[in-house]
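The structure file model.csv is reproduced below (CSV, C-alpha atoms).
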chain,number,residue,atom,x,y,z
D,232,MET,CA,-24.2,7.3,-6.3
D,233,SER,CA,-21.3,9.8,-6.7
D,234,VAL,CA,-20.2,12.3,-4.1
D,235,GLN,CA,-20.6,16.0,-5.1
D,236,PHE,CA,-18.6,18.9,-3.7
D,237,ASN,CA,-19.2,22.6,-4.5
D,238,SER,CA,-15.5,23.1,-5.2
D,239,ASP,CA,-12.1,21.3,-5.0
D,240,VAL,CA,-11.2,23.4,-2.0
D,241,GLU,CA,-14.3,22.1,-0.2
D,242,ALA,CA,-13.4,18.6,-1.3
D,243,VAL,CA,-9.8,18.8,0.1
D,244,ASP,CA,-11.3,20.1,3.4
D,245,ALA,CA,-13.6,17.1,3.5
D,246,LEU,CA,-10.7,14.8,2.8
D,247,ALA,CA,-8.7,16.3,5.7
D,248,SER,CA,-11.7,16.0,8.0
D,249,SER,CA,-12.4,12.4,7.0
D,250,TYR,CA,-8.7,11.5,7.6
D,251,LYS,CA,-8.9,12.9,11.2
D,252,THR,CA,-12.1,11.0,11.9
D,253,LEU,CA,-10.7,7.8,10.3
D,254,LYS,CA,-7.5,8.0,12.3
D,255,ALA,CA,-9.4,8.5,15.6
D,256,GLU,CA,-11.7,5.5,14.8
D,257,ILE,CA,-8.8,3.2,13.9
D,258,GLY,CA,-7.0,4.4,17.1
D,259,LYS,CA,-9.8,2.8,19.2
D,260,VAL,CA,-8.3,-0.6,18.1
D,261,ILE,CA,-4.8,0.1,16.9
D,262,ILE,CA,-2.6,1.6,19.6
D,263,GLY,CA,0.5,3.5,18.3
D,264,GLN,CA,1.7,2.7,14.7
D,265,GLU,CA,0.5,6.2,13.7
D,266,ASP,CA,3.0,6.5,10.8
D,267,VAL,CA,1.8,3.1,9.5
D,268,VAL,CA,-1.9,4.0,9.7
D,269,ARG,CA,-1.2,7.3,7.9
D,270,ALA,CA,0.8,5.6,5.1
D,271,VAL,CA,-1.9,3.0,4.5
D,272,ILE,CA,-4.6,5.6,4.3
D,273,ILE,CA,-2.5,7.8,1.9
D,274,SER,CA,-1.9,4.8,-0.4
D,275,LEU,CA,-5.6,4.0,-0.3
D,276,PHE,CA,-6.7,7.5,-1.2
D,277,SER,CA,-4.0,7.6,-3.9
D,278,ASN,CA,-5.5,4.4,-5.4
D,279,GLY,CA,-2.2,2.5,-4.8
D,280,HIS,CA,-1.4,-0.8,-3.1
D,281,SER,CA,0.8,-1.3,0.0
D,282,LEU,CA,3.2,-4.0,1.3
D,283,LEU,CA,3.5,-4.2,5.1
D,284,VAL,CA,6.8,-5.7,6.3
D,285,GLY,CA,7.2,-6.7,9.9
D,286,VAL,CA,7.8,-9.6,12.2
D,287,PRO,CA,4.8,-11.7,13.4
D,288,GLY,CA,2.5,-10.4,16.1
D,289,LEU,CA,2.6,-6.7,15.2
D,290,ALA,CA,-1.1,-6.5,14.3
D,291,LYS,CA,-0.7,-6.3,10.6
D,292,THR,CA,-3.9,-8.3,9.9
D,293,LEU,CA,-5.8,-6.5,12.7
D,294,LEU,CA,-4.8,-3.2,11.1
D,295,VAL,CA,-6.2,-4.1,7.7
D,296,SER,CA,-9.4,-5.6,9.0
D,297,THR,CA,-10.0,-2.5,11.2
D,298,ILE,CA,-9.4,-0.1,8.3
D,299,SER,CA,-11.9,-2.1,6.1
D,300,GLU,CA,-14.5,-1.9,8.9
D,301,VAL,CA,-14.3,1.8,9.5
D,302,LEU,CA,-14.3,2.4,5.7
D,303,ASP,CA,-17.4,0.4,5.1
D,304,LEU,CA,-15.7,-1.8,2.5
D,305,SER,CA,-15.8,-5.5,1.7
D,306,PHE,CA,-12.8,-7.3,3.0
D,307,LYS,CA,-11.2,-10.7,2.1
D,308,ARG,CA,-8.1,-12.3,3.5
D,309,ILE,CA,-6.0,-14.7,1.5
D,310,GLN,CA,-3.5,-16.8,3.4
D,311,PHE,CA,-0.7,-17.4,0.9
D,312,THR,CA,0.8,-20.9,1.0
D,313,PRO,CA,3.2,-22.9,-1.2
D,314,ASP,CA,0.3,-25.0,-2.6
D,315,LEU,CA,-2.0,-22.0,-3.4
D,316,MET,CA,-3.1,-21.9,-7.1
D,317,PRO,CA,-4.0,-18.9,-9.2
D,318,SER,CA,-7.7,-20.0,-9.4
D,319,ASP,CA,-7.8,-20.0,-5.5
D,320,ILE,CA,-7.4,-16.2,-5.8
D,321,THR,CA,-9.2,-15.3,-9.0
D,322,GLY,CA,-12.0,-17.9,-9.0
D,323,SER,CA,-12.8,-20.5,-11.6
D,324,GLU,CA,-15.5,-21.7,-13.9
D,325,VAL,CA,-17.7,-24.6,-12.7
D,326,LEU,CA,-20.6,-26.5,-14.4
D,327,ASP,CA,-24.0,-25.5,-13.0
D,328,ASP,CA,-27.1,-27.8,-12.9
D,329,ALA,CA,-28.0,-26.8,-16.5
D,330,ARG,CA,-24.5,-28.0,-17.6
D,331,ASN,CA,-23.4,-24.4,-18.4
D,332,PHE,CA,-20.1,-22.9,-17.3
D,333,LYS,CA,-20.6,-20.4,-14.5
D,334,PHE,CA,-17.8,-18.2,-13.1
D,335,ASN,CA,-17.4,-18.5,-9.3
D,336,LYS,CA,-15.7,-15.4,-8.0
D,337,GLY,CA,-12.6,-15.8,-5.9
D,338,PRO,CA,-11.6,-13.8,-2.8
D,339,ILE,CA,-9.9,-11.2,-5.0
D,340,PHE,CA,-13.4,-9.7,-5.7
D,341,ALA,CA,-13.4,-7.4,-2.6
D,342,ASN,CA,-12.6,-3.8,-2.0
D,343,ILE,CA,-9.7,-4.6,0.3
D,344,VAL,CA,-7.8,-7.8,-0.1
D,345,LEU,CA,-5.2,-8.8,2.5
D,346,ALA,CA,-2.6,-11.0,0.9
D,347,ASP,CA,-1.1,-12.5,4.0
D,348,GLU,CA,2.6,-13.7,3.8
D,349,ILE,CA,2.7,-13.0,0.0
D,350,ASN,CA,6.2,-14.4,-0.3
D,351,ARG,CA,5.1,-17.9,0.7
D,352,THR,CA,3.5,-18.7,-2.6
D,353,PRO,CA,5.2,-19.6,-6.0
D,354,PRO,CA,5.6,-17.0,-8.8
D,355,LYS,CA,2.7,-18.4,-10.9
D,356,THR,CA,0.2,-17.6,-8.1
D,357,GLN,CA,2.0,-14.2,-7.4
D,358,ALA,CA,1.5,-13.4,-11.1
D,359,ALA,CA,-2.3,-13.9,-10.8
D,360,LEU,CA,-2.3,-11.2,-8.1
D,361,LEU,CA,-0.1,-9.0,-10.2
D,362,GLU,CA,-2.6,-8.8,-13.0
D,363,ALA,CA,-5.4,-7.9,-10.6
D,364,MET,CA,-3.3,-5.2,-9.0
D,365,GLN,CA,-2.2,-3.6,-12.2
D,366,GLU,CA,-5.3,-4.0,-14.5
D,367,ARG,CA,-8.0,-3.9,-11.7
D,368,SER,CA,-9.4,-7.0,-13.5
D,369,VAL,CA,-8.9,-10.8,-13.8
D,370,THR,CA,-9.0,-13.0,-16.9
D,371,VAL,CA,-10.4,-16.5,-16.5
D,372,SER,CA,-10.9,-18.7,-19.6
D,373,GLY,CA,-10.4,-15.7,-21.9
D,374,ASP,CA,-13.1,-13.7,-20.2
D,375,ARG,CA,-12.2,-10.4,-18.4
D,376,HIS,CA,-13.9,-9.7,-15.1
D,377,MET,CA,-13.7,-6.2,-13.6
D,378,LEU,CA,-12.9,-5.9,-9.9
D,379,PRO,CA,-15.0,-3.6,-7.6
D,380,LYS,CA,-14.1,0.0,-7.0
D,381,PRO,CA,-12.2,0.9,-4.9
D,382,PHE,CA,-9.8,-2.0,-5.1
D,383,PHE,CA,-6.9,-2.1,-2.7
D,384,VAL,CA,-4.3,-4.9,-2.0
D,385,LEU,CA,-2.5,-4.9,1.3
D,386,ALA,CA,0.1,-7.6,1.3
D,387,THR,CA,2.2,-8.6,4.4
D,388,GLN,CA,5.6,-10.1,4.4
D,389,ASN,CA,7.6,-11.6,7.2
D,390,PRO,CA,11.2,-10.6,7.0
D,391,ILE,CA,12.8,-13.1,9.4
D,392,GLU,CA,11.5,-16.6,8.2
D,393,GLN,CA,13.1,-17.1,4.8
D,394,GLU,CA,12.7,-20.9,4.7
D,395,GLY,CA,10.1,-22.0,2.1
D,396,THR,CA,9.6,-18.5,0.7
D,397,TYR,CA,9.7,-17.1,-2.8
D,398,PRO,CA,11.1,-13.6,-2.8
D,399,LEU,CA,8.9,-11.2,-4.7
D,400,PRO,CA,10.3,-10.3,-8.1
D,401,GLU,CA,11.2,-6.6,-8.7
D,402,ALA,CA,8.4,-6.3,-11.3
D,403,GLN,CA,5.8,-7.2,-8.7
D,404,LEU,CA,7.4,-5.1,-5.9
D,405,ASP,CA,7.2,-2.1,-8.3
D,406,ARG,CA,3.4,-2.6,-8.4
D,407,PHE,CA,3.2,-1.6,-4.7
D,408,MET,CA,3.0,2.1,-4.2
D,409,PHE,CA,4.3,1.9,-0.6
D,410,ASN,CA,6.6,-0.5,1.3
D,411,ILE,CA,5.7,0.2,4.9
D,412,PRO,CA,7.9,-1.2,7.7
D,413,LEU,CA,6.3,-2.1,11.0
D,414,ASP,CA,8.4,-2.0,14.1
D,415,TYR,CA,7.9,-3.2,17.7
D,416,PRO,CA,5.7,-0.9,19.8
D,417,SER,CA,7.3,1.3,22.5
D,418,TYR,CA,7.2,0.0,26.1
D,419,ASP,CA,4.2,2.3,27.0
D,420,GLU,CA,2.4,1.4,23.8
D,421,GLU,CA,2.8,-2.3,24.6
D,422,ILE,CA,1.4,-1.8,28.1
D,423,ALA,CA,-1.6,-0.1,26.5
D,424,VAL,CA,-2.0,-2.9,23.9
D,425,VAL,CA,-1.9,-5.7,26.6
D,426,LYS,CA,-4.3,-3.8,28.8
D,427,ALA,CA,-6.8,-3.4,25.9
D,428,THR,CA,-6.5,-6.9,24.6
D,429,THR,CA,-6.7,-9.0,27.8
D,430,THR,CA,-10.2,-8.0,28.9
D,431,ASN,CA,-13.6,-8.9,27.6
D,432,LYS,CA,-14.2,-5.3,26.4
D,433,VAL,CA,-15.6,-5.1,22.8
D,434,THR,CA,-14.8,-2.1,20.7
D,435,ASP,CA,-17.6,-0.8,18.6
D,436,LEU,CA,-16.3,0.7,15.3
D,437,LYS,CA,-18.4,3.1,13.2
D,438,ASN,CA,-18.3,3.4,9.4
D,439,VAL,CA,-16.9,6.8,8.8
D,440,VAL,CA,-16.1,6.9,5.1
D,441,THR,CA,-18.2,5.3,2.3
D,442,SER,CA,-16.8,3.6,-0.8
D,443,GLU,CA,-18.3,6.4,-3.0
D,444,GLU,CA,-16.4,9.0,-0.9
D,445,ILE,CA,-13.2,7.0,-1.3
D,446,VAL,CA,-13.6,6.9,-5.1
D,447,ALA,CA,-14.3,10.7,-5.1
D,448,PHE,CA,-11.2,11.4,-3.0
D,449,GLN,CA,-9.1,9.2,-5.3
D,450,GLU,CA,-10.2,11.3,-8.3
D,451,LEU,CA,-9.6,14.5,-6.3
D,452,ILE,CA,-6.0,13.6,-5.5
D,453,ARG,CA,-5.2,13.6,-9.2
D,454,LYS,CA,-6.8,17.0,-9.7
D,455,ILE,CA,-4.7,18.7,-6.9
D,456,PRO,CA,-2.3,21.1,-8.6
D,457,ILE,CA,1.5,20.8,-8.0
D,458,ALA,CA,4.1,23.4,-8.6
D,459,ASP,CA,6.7,22.6,-11.3
D,460,ASN,CA,9.6,22.9,-8.9
D,461,VAL,CA,8.0,20.3,-6.5
D,462,LEU,CA,7.2,17.9,-9.4
D,463,GLU,CA,10.8,18.3,-10.7
D,464,TYR,CA,12.1,17.6,-7.1
D,465,ALA,CA,10.1,14.3,-7.0
D,466,VAL,CA,11.4,13.2,-10.4
D,467,ASN,CA,14.9,14.2,-9.5
D,468,LEU,CA,14.7,12.2,-6.3
D,469,ALA,CA,13.8,9.0,-8.3
D,470,THR,CA,16.4,9.6,-11.1
D,471,ARG,CA,19.2,10.1,-8.5
D,472,THR,CA,18.7,6.5,-7.3
D,473,ARG,CA,19.8,5.1,-10.7
D,474,PRO,CA,23.5,4.1,-10.6
D,475,ASN,CA,25.9,5.2,-13.4
D,476,THR,CA,23.5,7.9,-14.7
D,477,PRO,CA,24.3,11.6,-14.9
D,478,ARG,CA,22.2,12.5,-11.7
D,479,ALA,CA,23.3,9.6,-9.5
D,480,THR,CA,25.0,10.4,-6.2
D,481,ALA,CA,28.4,8.9,-5.3
D,482,GLU,CA,26.7,6.8,-2.6
D,483,VAL,CA,24.2,5.4,-5.2
D,484,ASN,CA,27.0,4.5,-7.6
D,485,ASN,CA,28.9,2.9,-4.7
D,486,TYR,CA,26.1,0.9,-3.1
D,487,ILE,CA,23.2,0.4,-5.5
D,488,SER,CA,23.0,-2.0,-8.3
D,489,TRP,CA,19.5,-1.0,-9.6
D,490,GLY,CA,17.5,2.2,-9.1
D,491,ALA,CA,13.8,3.2,-9.1
D,492,GLY,CA,11.9,3.4,-12.4
D,493,PRO,CA,9.4,6.1,-13.6
D,494,ARG,CA,6.6,4.6,-11.5
D,495,ALA,CA,8.4,5.8,-8.5
D,496,SER,CA,8.2,9.4,-9.8
D,497,GLN,CA,4.5,9.1,-10.3
D,498,TYR,CA,3.9,7.7,-6.8
D,499,LEU,CA,6.1,10.4,-5.2
D,500,VAL,CA,3.9,13.0,-6.8
D,501,LEU,CA,0.6,11.3,-6.0
D,502,GLY,CA,1.7,10.5,-2.4
D,503,ALA,CA,2.9,14.1,-1.9
D,504,LYS,CA,-0.5,15.4,-3.1
D,505,CYS,CA,-2.4,13.1,-0.7
D,506,HIS,CA,0.0,13.9,2.2
D,507,ALA,CA,-0.7,17.6,1.6
D,508,ALA,CA,-4.5,17.1,1.4
D,509,ILE,CA,-4.8,15.1,4.6
D,510,ASN,CA,-2.9,17.9,6.3
D,511,GLY,CA,-5.3,20.5,4.9
D,512,LYS,CA,-3.0,21.9,2.3
D,513,TYR,CA,-4.3,22.6,-1.3
D,514,SER,CA,-1.0,21.9,-3.0
D,515,PRO,CA,2.0,19.8,-2.0
D,516,ASP,CA,5.5,21.2,-1.3
D,517,ILE,CA,8.9,19.6,-1.1
D,518,GLU,CA,8.4,18.5,2.5
D,519,ASP,CA,5.4,16.5,1.4
D,520,VAL,CA,7.5,14.6,-1.1
D,521,GLN,CA,10.2,14.0,1.5
D,522,ALA,CA,7.5,12.7,4.0
D,523,ILE,CA,6.6,9.8,1.8
D,524,ALA,CA,9.8,9.2,-0.2
D,525,ASN,CA,11.0,6.4,2.1
D,526,TYR,CA,7.8,4.4,1.5
D,527,VAL,CA,8.0,4.8,-2.3
D,528,LEU,CA,11.7,4.2,-2.8
D,529,ARG,CA,12.8,1.6,-0.3
D,530,HIS,CA,11.6,-1.4,-2.3
D,531,ARG,CA,12.6,0.0,-5.6
D,532,ILE,CA,16.3,0.2,-5.1
D,533,VAL,CA,18.5,-2.9,-5.0
D,534,ARG,CA,21.6,-2.9,-2.8
D,535,ASN,CA,24.8,-4.5,-4.1
D,536,TYR,CA,27.1,-6.8,-2.1
D,537,LYS,CA,29.3,-4.0,-0.9
D,538,ALA,CA,26.3,-2.3,0.7
D,539,GLU,CA,25.3,-5.5,2.4
D,540,ALA,CA,28.8,-6.2,3.6
D,541,GLU,CA,29.1,-2.7,5.1
D,542,GLY,CA,25.6,-2.7,6.6
D,543,ILE,CA,24.3,0.2,4.4
D,544,THR,CA,20.5,0.0,4.3
D,545,GLU,CA,18.1,1.4,1.6
D,546,GLU,CA,17.1,4.1,4.2
D,547,ASN,CA,20.7,5.2,4.5
D,548,VAL,CA,21.0,5.7,0.8
D,549,ILE,CA,17.6,7.5,0.5
D,550,ALA,CA,18.5,9.9,3.3
D,551,GLY,CA,21.6,10.9,1.3
D,552,LEU,CA,19.3,12.0,-1.6
D,553,PHE,CA,17.6,14.8,0.2
Translate this file's structure into structure tokens.
Amino acid sequence: MSVQFNSDVEAVDALASSYKTLKAEIGKVIIGQEDVVRAVIISLFSNGHSLLVGVPGLAKTLLVSTISEVLDLSFKRIQFTPDLMPSDITGSEVLDDARNFKFNKGPIFANIVLADEINRTPPKTQAALLEAMQERSVTVSGDRHMLPKPFFVLATQNPIEQEGTYPLPEAQLDRFMFNIPLDYPSYDEEIAVVKATTTNKVTDLKNVVTSEEIVAFQELIRKIPIADNVLEYAVNLATRTRPNTPRATAEVNNYISWGAGPRASQYLVLGAKCHAAINGKYSPDIEDVQAIANYVLRHRIVRNYKAEAEGITEENVIAGLF
């Protein structure tokens, strides 16, 4: 069943309304973290994947399971460990009673997949997830199996425990539309969190957006028009991160060893379109590009030793691009 709207304007209005309802419903469980919730929803409606980076105990897993619940989507959690094999993610072929090979689907066959502590598993297993994220399918024994729509990977990464971890290669990081940092809650937010989670009160969540509506919104985002000057601004932003190229800034040449590729430009445009739509605008402007630029660029630029020695962060460099 597909969702029909009388016009694209009506569809954008429906998207903005759904976003408000969604945010209110998630807010019943997730206290604070409004920027994080907004970024995750934008990447979902833009048909992109997200990497959540934060120390343990900041409700990363709770956030993902809550979003899947209010979106009426199937949800699977994969705990990444050093001994996890590709078949543990994709599934494998087994012999049935009639001695025929039958494909047993792995946990990747869900609408929302939480890849918990993704940097704890070896590159071979990370690569299995990579194909699924890029192709929206998995290949087992030469047979291709399509993943359900919508399909959305939310991976978490712990930035402080580096023992026994396998840093994600740049090629895989580039598959994530957004890199979303989670910070500690404010004092007042933490008071509210502790009050809400140390009683026997059960929060009842409603399904507010169906999978058909999400697919329709994902198609709508691509149809939203964008002015040439805004599109050129987005592309210019990405190209300025590339050291020793004509558009690179002095700060980029000084502190960056590798810049963002063309996929960054695409995600800047898609993210800006969605950011405009959830705020009830029918076309994005430069402010919409700037609002999501940090999430798109921060994992696509690689600092050099000089930047690390002087304490220059990716965010410092990105701020100098505007």
Using all atoms listed in the file, can you tell me which of D:Glu546, D:Glu443, D:Glu324, D:Glu256 comes closest to Lys380 (chain D)?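 Result for the nearest residue to Lys380 (chain D): D:Glu443.
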Separation of CA of Arg529 (chain D) from CA of Ser305 (chain D), in Å and rounded to one decimal: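 Spanning CA of Arg529 (chain D) to CA of Ser305 (chain D) is a straight-line distance of 29.5 Å.
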List every protein, DNA or RNA residue that has an atom no more than 9 Å from (-19.1, -15.8, -13.3) in the file's coordinate frame, counting only C-alpha atoms, and report them as a PDB file with C-alpha atoms, keeping the file's coordinate frame.
ATOM      1  CA  GLY D 322     -12.000 -17.900  -9.000  1.00  0.00           C
ATOM      2  CA  SER D 323     -12.800 -20.500 -11.600  1.00  0.00           C
ATOM      3  CA  GLU D 324     -15.500 -21.700 -13.900  1.00  0.00           C
ATOM      4  CA  VAL D 325     -17.700 -24.600 -12.700  1.00  0.00           C
ATOM      5  CA  PHE D 332     -20.100 -22.900 -17.300  1.00  0.00           C
ATOM      6  CA  LYS D 333     -20.600 -20.400 -14.500  1.00  0.00           C
ATOM      7  CA  PHE D 334     -17.800 -18.200 -13.100  1.00  0.00           C
ATOM      8  CA  ASN D 335     -17.400 -18.500  -9.300  1.00  0.00           C
ATOM      9  CA  LYS D 336     -15.700 -15.400  -8.000  1.00  0.00           C
ATOM     10  CA  HIS D 376     -13.900  -9.700 -15.100  1.00  0.00           C
TER      11      HIS D 376
END
Which polymer residues, protein or nucleic acid, are no farther than 12 Å from (1.1, 7.0, 12.8), counting only C-alpha atoms, as a ChimeraX atom specification? /D:250-251,254-255,257-258,261-273,294,411-414,416
Find the residues around Ile532 (chain D) up to 9 Å (only C-alpha atoms counted), leave out those fewer than 4 positions away in its own chain, and share them as a PyMOL selection string. chain D and resi 472-473+487-491+528+545
Please produce a file of those selected residues containing C-alpha atoms, as a CSV table (one decimal), keeping the file's coordinate frame.
chain,number,residue,atom,x,y,z
D,472,THR,CA,18.7,6.5,-7.3
D,473,ARG,CA,19.8,5.1,-10.7
D,487,ILE,CA,23.2,0.4,-5.5
D,488,SER,CA,23.0,-2.0,-8.3
D,489,TRP,CA,19.5,-1.0,-9.6
D,490,GLY,CA,17.5,2.2,-9.1
D,491,ALA,CA,13.8,3.2,-9.1
D,528,LEU,CA,11.7,4.2,-2.8
D,545,GLU,CA,18.1,1.4,1.6
Report the distance between CA of Ser442 (chain D) and CA of Phe276 (chain D) in Å, rounded to one decimal place.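 Answer for the CA of Ser442 (chain D) to CA of Phe276 (chain D) separation: 10.8 Å.
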Residue among D:Ile517, D:Leu326, D:Val369, D:Ala479 lying closest to Val548 (chain D), counting only C-alpha atoms: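 Of D:Ile517, D:Leu326, D:Val369, D:Ala479, the one nearest Val548 (chain D) is D:Ala479, counting only C-alpha atoms.
For the pair CA of Lys504 (chain D) and CA of Phe407 (chain D), the separation is 17.5 Å.
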What lies within 7 Å of Ile339 (chain D) using all atoms listed in the file, ignoring chain neighbours under 3 positions off, as number ranges by chain? D: 320-321, 344
Tell me which of D:Asn460, D:Thr396, D:Thr356, D:Ser368 sits closest to Ser318 (chain D), counting all atoms listed in the file.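 For Ser318 (chain D), the nearest of the candidates is D:Thr356.
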Spatial neighbours of Arg308 (chain D), 10 Å, only C-alpha atoms, chain gap at least 3 places, as a list in words: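 Neighbouring residues, sequence-local ones excluded: Thr292, Val295, Ser296, Phe311, Pro338, Ile339, Ala341, Ile343, Val344, Leu345, Ala346, Asp347, Val384, Leu385 and Ala386 of chain D.
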Could you write out the selected residues, including C-alpha atoms, as a PDB file, in the coordinates of the input?
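Contents of result_25.pdb, as written:
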ATOM      1  CA  THR D 292      -3.900  -8.300   9.900  1.00  0.00           C
ATOM      2  CA  VAL D 295      -6.200  -4.100   7.700  1.00  0.00           C
ATOM      3  CA  SER D 296      -9.400  -5.600   9.000  1.00  0.00           C
ATOM      4  CA  PHE D 311      -0.700 -17.400   0.900  1.00  0.00           C
ATOM      5  CA  PRO D 338     -11.600 -13.800  -2.800  1.00  0.00           C
ATOM      6  CA  ILE D 339      -9.900 -11.200  -5.000  1.00  0.00           C
ATOM      7  CA  ALA D 341     -13.400  -7.400  -2.600  1.00  0.00           C
ATOM      8  CA  ILE D 343      -9.700  -4.600   0.300  1.00  0.00           C
ATOM      9  CA  VAL D 344      -7.800  -7.800  -0.100  1.00  0.00           C
ATOM     10  CA  LEU D 345      -5.200  -8.800   2.500  1.00  0.00           C
ATOM     11  CA  ALA D 346      -2.600 -11.000   0.900  1.00  0.00           C
ATOM     12  CA  ASP D 347      -1.100 -12.500   4.000  1.00  0.00           C
ATOM     13  CA  VAL D 384      -4.300  -4.900  -2.000  1.00  0.00           C
ATOM     14  CA  LEU D 385      -2.500  -4.900   1.300  1.00  0.00           C
ATOM     15  CA  ALA D 386       0.100  -7.600   1.300  1.00  0.00           C
TER      16      ALA D 386
END
For Phe236 (chain D), find every residue with an atom within 12 Å (counting all atoms listed in the file), except residues of its own chain fewer than 6 positions away, and show them as a PyMOL selection string. chain D and resi 242-246+444+447-448+451
Residue subset to file, keeping C-alpha atoms, as a PDB file, keeping the file's coordinate frame:
ATOM      1  CA  ALA D 242     -13.400  18.600  -1.300  1.00  0.00           C
ATOM      2  CA  VAL D 243      -9.800  18.800   0.100  1.00  0.00           C
ATOM      3  CA  ASP D 244     -11.300  20.100   3.400  1.00  0.00           C
ATOM      4  CA  ALA D 245     -13.600  17.100   3.500  1.00  0.00           C
ATOM      5  CA  LEU D 246     -10.700  14.800   2.800  1.00  0.00           C
ATOM      6  CA  GLU D 444     -16.400   9.000  -0.900  1.00  0.00           C
ATOM      7  CA  ALA D 447     -14.300  10.700  -5.100  1.00  0.00           C
ATOM      8  CA  PHE D 448     -11.200  11.400  -3.000  1.00  0.00           C
ATOM      9  CA  LEU D 451      -9.600  14.500  -6.300  1.00  0.00           C
TER      10      LEU D 451
END
Restricting the calculation to all atoms listed in the file, which member of D:Ile549, D:Leu499, D:Ile452, D:Val433 is positioned closest to Val483 (chain D)? D:Ile549
When you count only C-alpha atoms, which of these residues is closest to Val533 (chain D): D:Glu401, D:Asp314, D:Glu241, D:Glu300?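 Of D:Glu401, D:Asp314, D:Glu241, D:Glu300, the one nearest Val533 (chain D) is D:Glu401, counting only C-alpha atoms.
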Find the smallest box with edges along x, y and z containing every listed atom of region 430-441 of chain D, then add 3 Å on each side and report centre and edge lengths in Å to one decimal, as AutoDock Vina command-line options.
--center_x -14.3 --center_y -1.0 --center_z 15.6 --size_x 14.2 --size_y 21.8 --size_z 32.6
Could you pull the residues within 10 Å of Tyr486 (chain D), counting all atoms listed in the file, minus those fewer than 3 positions along the same chain, as a list of chain:residue names? D:Pro474, D:Ala481, D:Glu482, D:Val483, D:Trp489, D:Val533, D:Arg534, D:Asn535, D:Tyr536, D:Lys537, D:Ala538, D:Glu539, D:Glu541, D:Ile543, D:Thr544, D:Glu545, D:Val548
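You can rank D:Asp239, D:Glu348, D:Asp435, D:Glu463 by their closest distance to Thr387 (chain D) using all atoms listed in the file, and at the top of that list sits D:Glu348.
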